[in-house]
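Report on the structure given below.
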Amino acid sequence: MQCPQQVGWTVTPSDLGDINREPSWRFVSDLNHPLAIGTHDDYNKSGYDRGHMCPAADRSGDLLAMRSTFVMSNIAPQAPTLNRGAWKKTEILCRNAALLYDSVQVLAMPVFLNRDTVFIGRHRLGVPHAFLKVAWLPKNDSVIGLWWYWNR
């Protein structure tokens with residue numbers, strides 16, 4: 001379906017800083033990626049956001065680390081209401097937990113169901129039906145959240 005199967009990362013206080021996105025940043029294709037995963041332009045006029053799996057703000061402590069989140073293998077088509085709403089709230093919750101508990105591990109993945117899939121762009125990117133995210137505290141060995149969001 002040409003989007004990441006899953007993306008996992010750790011957030012620590014040192015990952016978080018005050019670096020902001022540059023307005024001209026575009027998502028780039030991954031060099032030497034084994035799959036054709038589309039381009040930045042496949043999202044143009046599609047009605048879907050380029051939804052980060054690992055958010056740029058989770059790498060705001062280092063410019064190169066933040067730029068590394070702007071690769072096509074880290075994004076999936078997300079409905080704007082999800083990307084800018086509930087998904088963003090879970091991103092903020094995970095960053096706050098990292099500040100409180102020193103470290104949070106996160107796993108995010110798109111979910112495709114066996115039913116009609118919408119495709120966007122010249123490279124026919126599949127639009128996930130839903131997204132799953134789980135976050136846990138490795139030092140406490142406890143889950144802090146498990147979220148399932150319909151992509152609408």
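Within each chain, counting starts at residue 1; across the structure tokens, chains are named A, B, ... in the order shown, with ligands numbered 1 upward in that order.
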
TODO: Please identify which residues in chain A DSSP calls alpha helix (DSSP H) from the backbone, and express them as a PyMOL selection string.
DONE: chain A and resi 63-67+80-81+87-101

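Within the 8 Å cut-off around Ser73 in chain A, using only C-alpha atoms and omitting residues fewer than 6 positions from it on the same chain, the listed residues are Cys3, Pro4, Ser29, Asp30 and Ile37 of chain A.
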
Using N, CA and C atoms, can you export the residues from the last selection as a PDB file, in the first residue's frame?
ATOM      1  N   CYS A   3       2.923   2.701   2.206  1.00  0.00           N
ATOM      2  CA  CYS A   3       3.152   3.531   3.385  1.00  0.00           C
ATOM      3  C   CYS A   3       3.786   2.630   4.429  1.00  0.00           C
ATOM      4  N   PRO A   4       4.345   3.212   5.470  1.00  0.00           N
ATOM      5  CA  PRO A   4       5.076   2.376   6.431  1.00  0.00           C
ATOM      6  C   PRO A   4       4.167   1.334   7.074  1.00  0.00           C
ATOM      7  N   SER A  29      11.960  11.494  -0.736  1.00  0.00           N
ATOM      8  CA  SER A  29      11.980  10.044  -0.884  1.00  0.00           C
ATOM      9  C   SER A  29      13.217   9.497  -0.199  1.00  0.00           C
ATOM     10  N   ASP A  30      13.092   8.331   0.381  1.00  0.00           N
ATOM     11  CA  ASP A  30      14.208   7.705   1.089  1.00  0.00           C
ATOM     12  C   ASP A  30      15.193   7.136   0.083  1.00  0.00           C
ATOM     13  N   ILE A  37       7.658   4.295  -2.416  1.00  0.00           N
ATOM     14  CA  ILE A  37       6.709   4.766  -1.411  1.00  0.00           C
ATOM     15  C   ILE A  37       6.107   6.123  -1.731  1.00  0.00           C
TER      16      ILE A  37
END

- [ ] Extract the full set of strand (DSSP E) residues from range 28-113 of chain A according to DSSP on the backbone, and format it as number ranges by chain.
- [x] A: 49-52, 75-78, 104-111

Atoms to include: all heavy atoms. Write the selected residues as a CSV table (one decimal), in the first residue's frame.
chain,number,residue,atom,x,y,z
A,49,ASP,N,-3.7,14.8,4.7
A,49,ASP,CA,-2.4,15.4,5.2
A,49,ASP,C,-1.3,14.3,5.0
A,49,ASP,O,-1.5,13.1,5.0
A,49,ASP,CB,-2.5,15.7,6.7
A,49,ASP,CG,-3.3,17.0,6.9
A,49,ASP,OD1,-3.8,17.6,6.0
A,49,ASP,OD2,-3.5,17.3,8.1
A,50,ARG,N,-0.1,14.8,5.0
A,50,ARG,CA,1.1,14.0,5.1
A,50,ARG,C,1.3,13.8,6.6
A,50,ARG,O,2.0,14.5,7.3
A,50,ARG,CB,2.3,14.7,4.5
A,50,ARG,CG,2.1,14.9,3.0
A,50,ARG,CD,3.2,15.9,2.5
A,50,ARG,NE,2.9,16.2,1.1
A,50,ARG,CZ,2.2,17.3,0.7
A,50,ARG,NH1,1.6,18.1,1.6
A,50,ARG,NH2,2.0,17.5,-0.6
A,51,GLY,N,0.7,12.7,7.1
A,51,GLY,CA,0.8,12.4,8.6
A,51,GLY,C,2.0,11.7,9.0
A,51,GLY,O,2.3,10.6,8.6
A,52,HIS,N,2.8,12.4,9.9
A,52,HIS,CA,4.0,11.8,10.5
A,52,HIS,C,3.6,10.6,11.3
A,52,HIS,O,2.7,10.7,12.1
A,52,HIS,CB,4.7,12.8,11.4
A,52,HIS,CG,5.6,13.8,10.7
A,52,HIS,ND1,5.1,15.0,10.2
A,52,HIS,CD2,6.9,13.8,10.5
A,52,HIS,CE1,6.1,15.7,9.7
A,52,HIS,NE2,7.2,15.0,9.8
A,75,ILE,N,5.6,8.7,6.8
A,75,ILE,CA,4.3,9.3,6.7
A,75,ILE,C,3.3,8.4,6.0
A,75,ILE,O,3.6,7.5,5.3
A,75,ILE,CB,4.4,10.7,5.9
A,75,ILE,CG1,4.7,10.4,4.5
A,75,ILE,CG2,5.3,11.6,6.6
A,75,ILE,CD1,4.4,11.6,3.6
A,76,ALA,N,2.0,8.7,6.3
A,76,ALA,CA,0.9,8.0,5.7
A,76,ALA,C,-0.2,9.0,5.5
A,76,ALA,O,-0.3,10.0,6.3
A,76,ALA,CB,0.5,6.9,6.6
A,77,PRO,N,-1.1,8.8,4.5
A,77,PRO,CA,-2.2,9.7,4.3
A,77,PRO,C,-3.1,9.7,5.5
A,77,PRO,O,-3.7,8.6,5.9
A,77,PRO,CB,-2.9,9.1,3.1
A,77,PRO,CG,-1.9,8.3,2.4
A,77,PRO,CD,-1.0,7.7,3.5
A,78,GLN,N,-3.3,10.9,6.1
A,78,GLN,CA,-4.2,11.0,7.3
A,78,GLN,C,-5.3,12.1,7.0
A,78,GLN,O,-5.0,13.1,6.4
A,78,GLN,CB,-3.5,11.4,8.5
A,78,GLN,CG,-2.7,10.3,9.2
A,78,GLN,CD,-2.2,10.7,10.5
A,78,GLN,OE1,-2.0,11.8,10.8
A,78,GLN,NE2,-1.9,9.7,11.3
A,104,VAL,N,9.9,7.4,26.8
A,104,VAL,CA,8.6,6.8,26.3
A,104,VAL,C,9.0,6.1,25.0
A,104,VAL,O,9.6,6.7,24.2
A,104,VAL,CB,7.5,7.8,26.1
A,104,VAL,CG1,6.3,7.2,25.5
A,104,VAL,CG2,7.1,8.5,27.4
A,105,GLN,N,8.5,4.9,24.9
A,105,GLN,CA,8.6,4.2,23.6
A,105,GLN,C,7.3,4.2,22.9
A,105,GLN,O,6.2,4.0,23.6
A,105,GLN,CB,9.1,2.7,23.8
A,105,GLN,CG,10.6,2.7,24.2
A,105,GLN,CD,11.1,1.3,24.3
A,105,GLN,OE1,10.4,0.4,24.8
A,105,GLN,NE2,12.3,1.1,23.9
A,106,VAL,N,7.3,4.4,21.6
A,106,VAL,CA,6.0,4.6,20.9
A,106,VAL,C,6.1,3.7,19.6
A,106,VAL,O,7.2,3.6,19.0
A,106,VAL,CB,5.8,6.0,20.4
A,106,VAL,CG1,4.5,6.2,19.8
A,106,VAL,CG2,6.0,7.0,21.6
A,107,LEU,N,5.0,3.1,19.3
A,107,LEU,CA,4.8,2.4,18.0
A,107,LEU,C,3.6,2.8,17.4
A,107,LEU,O,2.5,2.9,18.0
A,107,LEU,CB,4.7,0.9,18.3
A,107,LEU,CG,4.5,-0.1,17.1
A,107,LEU,CD1,5.8,-0.1,16.2
A,107,LEU,CD2,4.2,-1.5,17.6
A,108,ALA,N,3.7,3.2,16.1
A,108,ALA,CA,2.5,3.7,15.3
A,108,ALA,C,2.4,2.9,14.0
A,108,ALA,O,3.5,2.6,13.4
A,108,ALA,CB,2.7,5.2,15.0
A,109,MET,N,1.2,2.6,13.6
A,109,MET,CA,1.1,1.9,12.4
A,109,MET,C,-0.3,2.2,11.7
A,109,MET,O,-1.3,2.4,12.4
A,109,MET,CB,1.2,0.4,12.6
A,109,MET,CG,0.2,-0.3,13.5
A,109,MET,SD,0.5,-2.0,13.8
A,109,MET,CE,1.9,-1.9,14.8
A,110,PRO,N,-0.2,2.2,10.4
A,110,PRO,CA,-1.5,2.3,9.6
A,110,PRO,C,-2.2,0.9,9.6
A,110,PRO,O,-1.5,-0.1,9.7
A,110,PRO,CB,-1.0,2.7,8.2
A,110,PRO,CG,0.4,2.3,8.1
A,110,PRO,CD,0.9,2.2,9.5
A,111,VAL,N,-3.5,1.0,9.5
A,111,VAL,CA,-4.2,-0.3,9.4
A,111,VAL,C,-5.1,-0.3,8.2
A,111,VAL,O,-5.8,0.7,7.9
A,111,VAL,CB,-5.2,-0.4,10.7
A,111,VAL,CG1,-6.0,-1.6,10.6
A,111,VAL,CG2,-4.4,-0.3,11.9

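With only C-alpha atoms as the atoms that count, the residue of A:Pro23, A:Pro13, A:Gly121, A:Gly145 with the shortest distance to Asn96 in chain A is A:Pro13.
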
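Candidate residues A:Leu93, A:Ala130, A:Leu16, A:Leu100 were compared for distance to Leu113 in chain A, and the nearest is A:Ala130, using only C-alpha atoms.
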
Open item on the list: So that I can check the surroundings of Glu22 in chain A, please list as a PyMOL selection string every protein, DNA and RNA residue that reaches within 12 Å of it, counting only C-alpha atoms and ignoring chain neighbours fewer than 5 positions away.
Closed with: chain A and resi 27+56+60+63+66-67+70

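Using only C-alpha atoms, the smallest distance between any of A:Tyr101, A:Trp147, A:Phe112, A:Phe119 and Val11 in chain A comes from A:Tyr101.
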
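With distances restricted to only C-alpha atoms, A:Asn74 is the closest residue to Thr39 in chain A from A:Thr10, A:Asn20, A:Asn74, A:Gln5.
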
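Between CA of Asn44 in chain A and CA of Ala57 in chain A the separation is 23.0 Å.
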
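For the pair CA of Pro138 in chain A and CA of Asp102 in chain A, the interatomic distance is 9.5 Å.
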